[in-house]
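Text of start.cif (mmCIF, C-alpha atoms and all ligand atoms) as supplied:
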data_final
#
loop_
_atom_site.label_atom_id
_atom_site.label_comp_id
_atom_site.auth_asym_id
_atom_site.auth_seq_id
_atom_site.Cartn_x
_atom_site.Cartn_y
_atom_site.Cartn_z
CA MET G 1 -11.35 15.02 17.98
CA ALA G 2 -14.05 15.27 20.68
CA GLY G 3 -15.38 12.07 22.37
CA LYS G 4 -14.53 8.58 21.26
CA PRO G 5 -13.49 8.82 17.59
CA THR G 6 -15.36 6.62 15.14
CA VAL G 7 -13.50 4.47 12.62
CA GLY G 8 -14.47 2.80 9.34
CA ILE G 9 -12.42 0.18 7.50
CA TYR G 10 -13.14 -0.14 3.76
CA SER G 11 -11.84 -2.48 1.07
CA PHE G 12 -11.59 -1.94 -2.67
CA THR G 13 -9.60 -4.03 -5.19
CA GLY G 14 -7.13 -6.24 -3.34
CA CYS G 15 -7.05 -9.36 -1.20
CA GLU G 16 -8.30 -7.47 1.91
CA GLY G 17 -5.27 -8.84 3.75
CA CYS G 18 -4.43 -5.39 5.09
CA SER G 19 -7.86 -5.05 6.74
CA LEU G 20 -7.53 -8.53 8.17
CA MET G 21 -4.10 -7.58 9.53
CA ILE G 22 -5.91 -5.14 11.82
CA LEU G 23 -7.88 -8.01 13.35
CA GLU G 24 -4.56 -9.77 13.91
CA CYS G 25 -3.36 -6.99 16.20
CA GLU G 26 -4.80 -9.22 18.96
CA ASP G 27 -3.80 -7.80 22.37
CA GLN G 28 -3.18 -4.30 21.00
CA LEU G 29 -6.54 -4.36 19.21
CA LEU G 30 -8.29 -4.42 22.57
CA ASP G 31 -6.33 -1.30 23.58
CA VAL G 32 -7.28 0.38 20.30
CA LEU G 33 -10.94 -0.50 20.82
CA GLU G 34 -10.87 1.29 24.18
CA LEU G 35 -9.91 4.48 22.35
CA VAL G 36 -12.05 4.30 19.20
CA GLU G 37 -15.39 2.91 18.09
CA ILE G 38 -15.37 0.89 14.88
CA VAL G 39 -18.67 1.60 13.14
CA ASN G 40 -18.06 0.26 9.62
CA PHE G 41 -15.99 -2.85 8.85
CA ARG G 42 -17.30 -5.36 6.33
CA GLU G 43 -14.76 -8.01 7.39
CA GLY G 44 -15.66 -7.85 11.06
CA MET G 45 -19.20 -6.57 11.76
CA ASP G 46 -22.54 -5.20 10.55
CA LYS G 47 -22.41 -1.52 9.64
CA ILE G 48 -23.46 0.92 12.40
CA ALA G 49 -22.88 4.29 10.67
CA ASP G 50 -21.64 5.92 7.46
CA GLN G 51 -20.07 9.03 9.00
CA VAL G 52 -16.65 8.38 10.56
CA ASP G 53 -13.77 10.36 12.00
CA VAL G 54 -11.14 8.12 10.45
CA ALA G 55 -11.50 5.92 7.35
CA PHE G 56 -8.87 3.24 6.71
CA VAL G 57 -9.02 2.21 3.05
CA ASP G 58 -7.32 -0.84 1.56
CA GLY G 59 -7.34 -1.90 -2.09
CA ALA G 60 -6.80 -0.04 -5.35
CA VAL G 61 -9.41 1.65 -7.49
CA SER G 62 -10.06 -0.52 -10.54
CA THR G 63 -13.73 -0.04 -11.43
CA SER G 64 -16.01 2.95 -11.96
CA HIS G 65 -18.04 1.67 -9.03
CA ASP G 66 -14.88 1.86 -6.85
CA ILE G 67 -14.56 5.54 -7.76
CA GLN G 68 -18.11 6.37 -6.71
CA GLU G 69 -17.82 4.35 -3.49
CA LEU G 70 -14.47 5.94 -2.58
CA LEU G 71 -15.85 9.43 -3.13
CA GLU G 72 -18.63 8.53 -0.67
CA VAL G 73 -16.07 7.29 1.87
CA ARG G 74 -14.12 10.56 1.54
CA LYS G 75 -17.28 12.64 1.87
CA ASN G 76 -18.21 10.85 5.09
CA ALA G 77 -14.75 10.86 6.73
CA LYS G 78 -12.68 13.57 8.42
CA ILE G 79 -9.43 11.68 7.89
CA VAL G 80 -8.60 9.11 5.18
CA VAL G 81 -5.73 6.65 5.61
CA ALA G 82 -4.39 4.55 2.71
CA LEU G 83 -3.87 1.05 4.04
CA GLY G 84 -1.31 -1.09 2.23
CA ALA G 85 0.33 -1.26 -1.17
CA CYS G 86 -2.90 -1.77 -3.14
CA ALA G 87 -4.33 1.49 -1.80
CA TRP G 88 -1.01 3.23 -2.52
CA PRO G 89 0.69 3.05 -4.99
CA GLY G 90 -1.77 0.55 -6.46
CA GLY G 91 0.25 -2.59 -5.78
CA LEU G 92 -0.01 -5.72 -7.89
CA ASN G 93 -3.25 -4.45 -9.45
CA VAL G 94 -1.28 -2.01 -11.62
CA MET G 95 0.35 -4.91 -13.49
CA LYS G 96 -2.79 -5.14 -15.64
CA ASN G 97 -2.16 -1.58 -16.83
CA PHE G 98 0.84 -2.86 -18.81
CA GLN G 99 -1.43 -5.19 -20.82
CA ASP G 100 -3.98 -4.41 -23.50
CA GLN G 101 -7.07 -3.55 -21.43
CA GLU G 102 -9.51 -5.39 -23.70
CA ASP G 103 -7.31 -8.52 -23.66
CA VAL G 104 -7.20 -8.41 -19.87
CA ARG G 105 -10.97 -8.18 -19.60
CA ARG G 106 -11.50 -10.99 -22.13
CA TYR G 107 -9.04 -13.18 -20.22
CA VAL G 108 -10.78 -12.59 -16.87
CA TYR G 109 -14.45 -12.40 -17.90
CA GLY G 110 -14.55 -14.46 -21.13
CA ASP G 111 -17.12 -13.62 -23.80
CA LYS G 112 -19.16 -11.47 -21.37
CA TRP G 113 -16.16 -9.16 -20.83
CA ALA G 114 -17.84 -6.02 -22.19
CA ALA G 115 -20.57 -6.20 -19.51
CA TYR G 116 -18.07 -5.93 -16.65
CA ASP G 117 -16.99 -2.66 -15.13
CA ALA G 118 -13.16 -2.43 -15.28
CA ILE G 119 -10.81 0.51 -15.64
CA PRO G 120 -7.01 0.81 -15.34
CA ALA G 121 -6.01 0.31 -11.69
CA ARG G 122 -4.85 3.35 -9.75
CA PRO G 123 -3.91 4.38 -6.19
CA ILE G 124 -6.70 5.84 -4.09
CA ASP G 125 -4.95 9.22 -3.92
CA ARG G 126 -5.59 9.65 -7.66
CA VAL G 127 -9.28 9.84 -6.77
CA VAL G 128 -9.49 11.46 -3.32
CA LYS G 129 -7.19 13.33 -0.98
CA VAL G 130 -5.37 10.98 1.42
CA ASP G 131 -4.15 12.23 4.81
CA TYR G 132 -1.94 9.36 5.97
CA TYR G 133 -0.24 6.36 4.35
CA ILE G 134 0.45 2.96 5.95
CA ARG G 135 2.70 1.08 3.55
CA GLY G 136 3.38 -2.53 2.68
CA CYS G 137 1.89 -5.77 1.35
CA PRO G 138 0.59 -6.45 3.86
CA ILE G 139 0.90 -3.57 6.32
CA ASP G 140 3.10 -3.91 9.37
CA ARG G 141 1.00 -4.21 12.55
CA ASP G 142 3.29 -1.99 14.61
CA GLU G 143 3.14 0.70 11.96
CA PHE G 144 -0.66 0.52 11.92
CA LEU G 145 -0.68 1.04 15.68
CA GLU G 146 1.86 3.88 15.44
CA VAL G 147 -0.15 5.75 12.79
CA THR G 148 -3.43 5.18 14.65
CA GLN G 149 -1.90 6.47 17.87
CA ALA G 150 -0.42 9.50 16.06
CA ILE G 151 -3.81 10.38 14.55
CA LEU G 152 -5.51 10.11 17.94
CA MET G 153 -2.83 12.24 19.59
CA GLY G 154 -2.76 14.78 16.76
CA ARG G 155 0.96 14.31 16.07
CA ALA G 156 2.94 13.24 12.99
CA PRO G 157 3.50 9.47 12.79
CA ASN G 158 7.04 8.19 13.12
CA ILE G 159 7.65 6.43 9.79
CA PRO G 160 11.19 5.31 8.88
CA ASN G 161 12.85 7.10 5.99
CA HIS G 162 15.89 4.87 5.67
CA PRO G 163 16.32 1.81 3.46
CA VAL G 164 15.42 -1.79 4.28
CA CYS G 165 19.16 -2.60 4.15
CA VAL G 166 19.57 -0.89 7.54
CA GLU G 167 17.09 -3.23 9.24
CA CYS G 168 18.49 -6.16 7.27
CA LYS G 169 22.05 -5.51 8.45
CA LEU G 170 20.83 -5.12 12.03
CA SER G 171 19.31 -8.61 11.70
CA ASP G 172 22.61 -9.98 10.40
CA ASN G 173 21.00 -11.48 7.29
CA PRO G 174 23.08 -12.75 4.38
CA CYS G 175 22.70 -10.43 1.40
CA ARG G 176 20.40 -11.67 -1.37
CA PHE G 177 22.71 -10.20 -4.01
CA ASP G 178 25.19 -12.91 -3.01
CA PHE G 179 22.53 -15.43 -4.13
CA GLY G 180 22.26 -13.82 -7.58
CA GLU G 181 19.00 -12.01 -6.77
CA VAL G 182 18.07 -8.36 -7.41
CA CYS G 183 17.10 -6.99 -4.01
CA LEU G 184 15.41 -3.59 -3.72
CA GLY G 185 16.45 -3.19 -0.09
CA PRO G 186 18.91 -0.35 -0.85
CA LEU G 187 16.03 1.80 -2.16
CA ALA G 188 12.94 0.52 -0.34
CA ARG G 189 11.60 2.20 2.79
CA ALA G 190 12.26 0.33 6.02
CA GLY G 191 9.62 -0.34 8.65
CA CYS G 192 8.92 -4.01 7.93
CA LYS G 193 11.90 -5.24 9.99
CA ALA G 194 13.41 -6.50 6.69
CA ILE G 195 11.04 -9.43 6.93
CA CYS G 196 11.67 -10.81 3.41
CA PRO G 197 15.48 -11.07 3.59
CA SER G 198 15.06 -12.34 7.16
CA PHE G 199 13.04 -15.24 5.69
CA GLY G 200 15.50 -15.81 2.85
CA THR G 201 13.97 -13.86 -0.04
CA LYS G 202 14.79 -10.58 -1.76
CA CYS G 203 13.01 -7.33 -0.95
CA GLU G 204 10.52 -6.43 -3.70
CA GLY G 205 9.91 -2.89 -2.52
CA CYS G 206 6.31 -3.27 -1.36
CA ARG G 207 6.67 -0.25 0.93
CA GLY G 208 7.80 2.10 -1.84
CA MET G 209 11.05 3.99 -1.88
CA VAL G 210 12.67 6.24 0.71
CA ASP G 211 12.24 9.96 0.01
CA GLU G 212 15.70 10.40 -1.46
CA PRO G 213 16.87 6.98 -2.67
CA ALA G 214 20.64 6.54 -3.07
CA THR G 215 20.28 5.45 -6.68
CA GLN G 216 23.99 5.89 -7.44
CA ALA G 217 24.93 3.59 -4.57
CA HIS G 218 22.39 1.02 -5.77
CA ARG G 219 23.73 1.32 -9.30
CA GLY G 220 27.20 0.54 -7.86
CA VAL G 221 25.82 -2.58 -6.17
CA LEU G 222 24.13 -3.70 -9.40
CA GLU G 223 27.40 -3.24 -11.34
CA LYS G 224 29.35 -5.15 -8.71
CA TYR G 225 27.04 -8.14 -9.22
CA GLY G 226 26.90 -7.85 -13.02
CA LEU G 227 23.29 -6.61 -13.01
CA SER G 228 21.73 -3.64 -14.78
CA VAL G 229 19.31 -0.85 -13.95
CA ASP G 230 16.81 -2.65 -16.23
CA ASP G 231 17.07 -5.71 -13.98
CA MET G 232 16.20 -3.50 -11.04
CA MET G 233 13.36 -1.73 -12.85
CA ARG G 234 11.74 -5.06 -13.73
CA GLU G 235 11.66 -5.88 -10.02
CA TYR G 236 10.38 -2.47 -9.01
CA ARG G 237 7.48 -2.69 -11.47
CA LEU G 238 5.85 -5.39 -9.32
CA PHE G 239 4.75 -2.88 -6.67
CA GLY G 240 5.90 0.43 -8.11
CA GLY G 241 4.51 0.03 -11.62
CA TRP G 242 2.32 3.09 -11.23
CA PHE G 243 5.43 5.26 -11.22
CA TRP G 244 7.17 3.42 -14.05
CA GLY G 245 4.74 3.66 -16.93
CA GLY G 246 1.70 1.97 -15.39
CA ASP G 247 -0.16 5.21 -14.79
CA LEU G 248 -1.26 5.26 -18.48
CA GLY G 249 -1.58 9.01 -18.17
CA VAL G 250 -4.65 8.54 -15.97
CA PRO G 251 -5.65 12.08 -14.92
CA ASP G 252 -6.73 12.99 -11.40
CA LEU G 253 -10.49 13.20 -11.16
CA PRO G 254 -11.75 16.76 -10.82
CA GLU G 255 -13.40 15.63 -7.57
CA ARG G 256 -9.99 15.01 -6.01
CA ALA G 257 -9.18 18.70 -5.95
CA THR G 258 -12.38 19.57 -4.16
CA SER G 259 -12.77 16.55 -1.90
CA LYS G 260 -11.65 16.95 1.71
S1 LIG R 1 -1.46 -4.66 -0.11
FE1 LIG R 1 -1.15 -6.89 -0.22
S2 LIG R 1 -2.09 -7.71 1.65
FE2 LIG R 1 -2.85 -5.60 1.38
S3 LIG R 1 -4.79 -5.83 0.26
FE3 LIG R 1 -3.17 -5.51 -1.27
S4 LIG R 1 -2.53 -7.60 -1.89
FE4 LIG R 1 -3.65 -7.77 0.05
S1 LIG R 2 19.57 -8.63 1.30
FE1 LIG R 2 18.70 -6.79 0.38
S2 LIG R 2 18.03 -5.58 2.12
FE2 LIG R 2 19.51 -7.08 2.90
S3 LIG R 2 21.48 -6.04 2.83
FE3 LIG R 2 21.27 -7.19 0.91
S4 LIG R 2 20.43 -5.67 -0.51
FE4 LIG R 2 20.08 -4.86 1.56
S1 LIG R 3 11.42 -6.58 2.80
FE1 LIG R 3 10.77 -5.32 1.07
S2 LIG R 3 9.17 -6.54 0.04
FE2 LIG R 3 9.50 -7.41 2.09
S3 LIG R 3 7.95 -6.40 3.40
FE3 LIG R 3 9.88 -5.19 3.54
S4 LIG R 3 9.67 -3.61 1.95
FE4 LIG R 3 8.17 -5.19 1.51
#

Translate the structure of the given file into structure tokens.
Ligand code: SF4
Ligand code: SF4
Ligand code: SF4
Amino acid sequence: MAGKPTVGIYSFTGCEGCSLMILECEDQLLDVLELVEIVNFREGMDKIADQVDVAFVDGAVSTSHDIQELLEVRKNAKIVVALGACAWPGGLNVMKNFQDQEDVRRYVYGDKWAAYDAIPARPIDRVVKVDYYIRGCPIDRDEFLEVTQAILMGRAPNIPNHPVCVECKLSDNPCRFDFGEVCLGPLARAGCKAICPSFGTKCEGCRGMVDEPATQAHRGVLEKYGLSVDDMMREYRLFGGWFWGGDLGVPDLPERATSK
């Protein structure tokens, strides 16, 4: 990447909390700004340019307009990074896919529902090719900085591939299973410093699973506490619904195969 790389930060369907998390990098943000030039960031500035070296994208795709806008982002960017659980694997947005789509639109838009653009929610990598993923709801600041640094240095980012339980045990937290809760920590990918159990709540798997989850071990834990795989699946559907029936058979767009 010659010269000072340019960066764009884009938001689709979501709370935009992951974009705002970038602004909260505070001291480190100043270091990042010495290395890159942000030229497109609705939350923080007026747009300077459309073409960027790196596009960070938060939010899921849930309208036809989102699809067209995301294709434009991909066309104008050398590298696309999915930012947060809404961007991948679709996050809470996918919950609507389990409902009747017309009912959902009537509930949200009332008697004008048919005039509103709404499609089943999907991760951004169902529409365009994604080069890097920063997980979580919201993203972890340190992981954002690690991935950004890796991109700038042209190396692979160091992303944990062990379960949240490892970080949780290191923090000496009491186990949420002992409180009668279904915790996804044995399957979920670490990197958040086990923040939820550290604050007294179960892990809901917002960072997705590790590459090879120890499902048998988790099944053993569930049995020990008188819980079932169905109990676990209900929890996982909150963030991982796309993989558990929420994809509605949505096909990849033809553009995805040809986009950069
Ligand atoms: S992943 Fe969470 S914090 Fe990020 S945009 Fe979606 S809802 Fe907001
Ligand atoms: S609370 Fe959850 S993450 Fe922590 S040890 Fe128990 S199962 Fe693992
Ligand atoms: S503990 Fe689980 S739900 Fe909480 S941030 Fe980490 S991965 Fe996400």

Shortest interatomic distance to ligand LIG 1 (chain R) - which of G:Gly8, G:Gly205, G:Pro163, G:Gly200, counting all atoms listed in the file = G:Gly205

All residues within 8 Å of ligand LIG 3 (chain R) are required, counting all atoms listed in the file; please report them as a list of chain:residue names.
->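 Selection of residues at most 8 Å from ligand LIG 3 (chain R): G:Gly136, G:Cys137, G:Pro138, G:Val164, G:Leu184, G:Gly185, G:Ala188, G:Arg189, G:Ala190, G:Gly191, G:Cys192, G:Lys193, G:Ala194, G:Ile195, G:Cys196, G:Pro197, G:Lys202, G:Cys203, G:Glu204, G:Gly205, G:Cys206, G:Arg207, G:Gly208.
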
List all protein, DNA and RNA residues that have at least one atom no more than 6 Å from any atom of ligand LIG 1 (chain R), counting all atoms listed in the file, and write them as a list in words.
->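 Result of the 6 Å neighbour search around ligand LIG 1 (chain R): Gly14, Cys15, Glu16, Gly17, Cys18, Asp58, Gly59, Gly84, Ala85, Cys86, Gly136, Cys137 and Pro138 of chain G.
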
Between G:Met95, G:Asp140, G:Cys183, G:Val221, smallest distance to Trp244 in chain G by only C-alpha atoms belongs to G:Met95

Check the smallest atom-to-atom distance from each of G:Val108, G:Ser19, G:Val7, G:Gln28 to Asn76 in chain G using all atoms listed in the file, then report the winner.
->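 Ranked by minimum distance to Asn76 in chain G, first place goes to G:Val7.
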
With only C-alpha atoms as the atoms that count, which of G:Glu34, G:Gln101, G:Val54, G:Ser171 lies nearest to Trp113 in chain G?
->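 Using only C-alpha atoms, the shortest distance to Trp113 in chain G belongs to G:Gln101.
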
Nearby residues (all atoms listed in the file) at most 7 Å from Glu37 in chain G, same-chain spacing under 3 positions excluded, as a count of residues only | 5

Using only C-alpha atoms and all ligand atoms, pick whichever of G:Ser228, G:Thr215, G:Ser198, G:Thr63 has the shortest atom-to-atom distance to ligand LIG 2 (chain R).
->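 Looking only at the distances to ligand LIG 2 (chain R), the closest residue turns out to be G:Ser198.
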
Looking at G:Asp103, G:Asp142, G:Asp117, G:Asp230, which one is nearest to Leu29 in chain G, with distances taken over all atoms listed in the file?
->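 Closest residue, counting all atoms listed in the file: G:Asp142.
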
In Å, rounded to a single decimal, give me how far CA of Tyr116 in chain G is from CA of Val104 in chain G.
->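 Separation of CA of Val104 in chain G and CA of Tyr116 in chain G: 11.6 Å.
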
Residue contacts of Gly90 in chain G (12 Å, all atoms listed in the file) excluding same-chain residues fewer than 5 positions away, as a PyMOL selection string = chain G and resi 12-14+58-62+82-85+95-97+120-127+135-137+206-208+237-243+246-247

Please provide as a list in words all residues within 10 Å of Phe179 in chain G, with the sequence filter that same-chain residues fewer than 2 positions apart are discarded (counting all atoms listed in the file).
->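 Surrounding residues, per the criterion: Pro174, Cys175, Arg176, Phe177, Glu181, Val182, Gly200, Thr201, Lys202 and Tyr225 of chain G.
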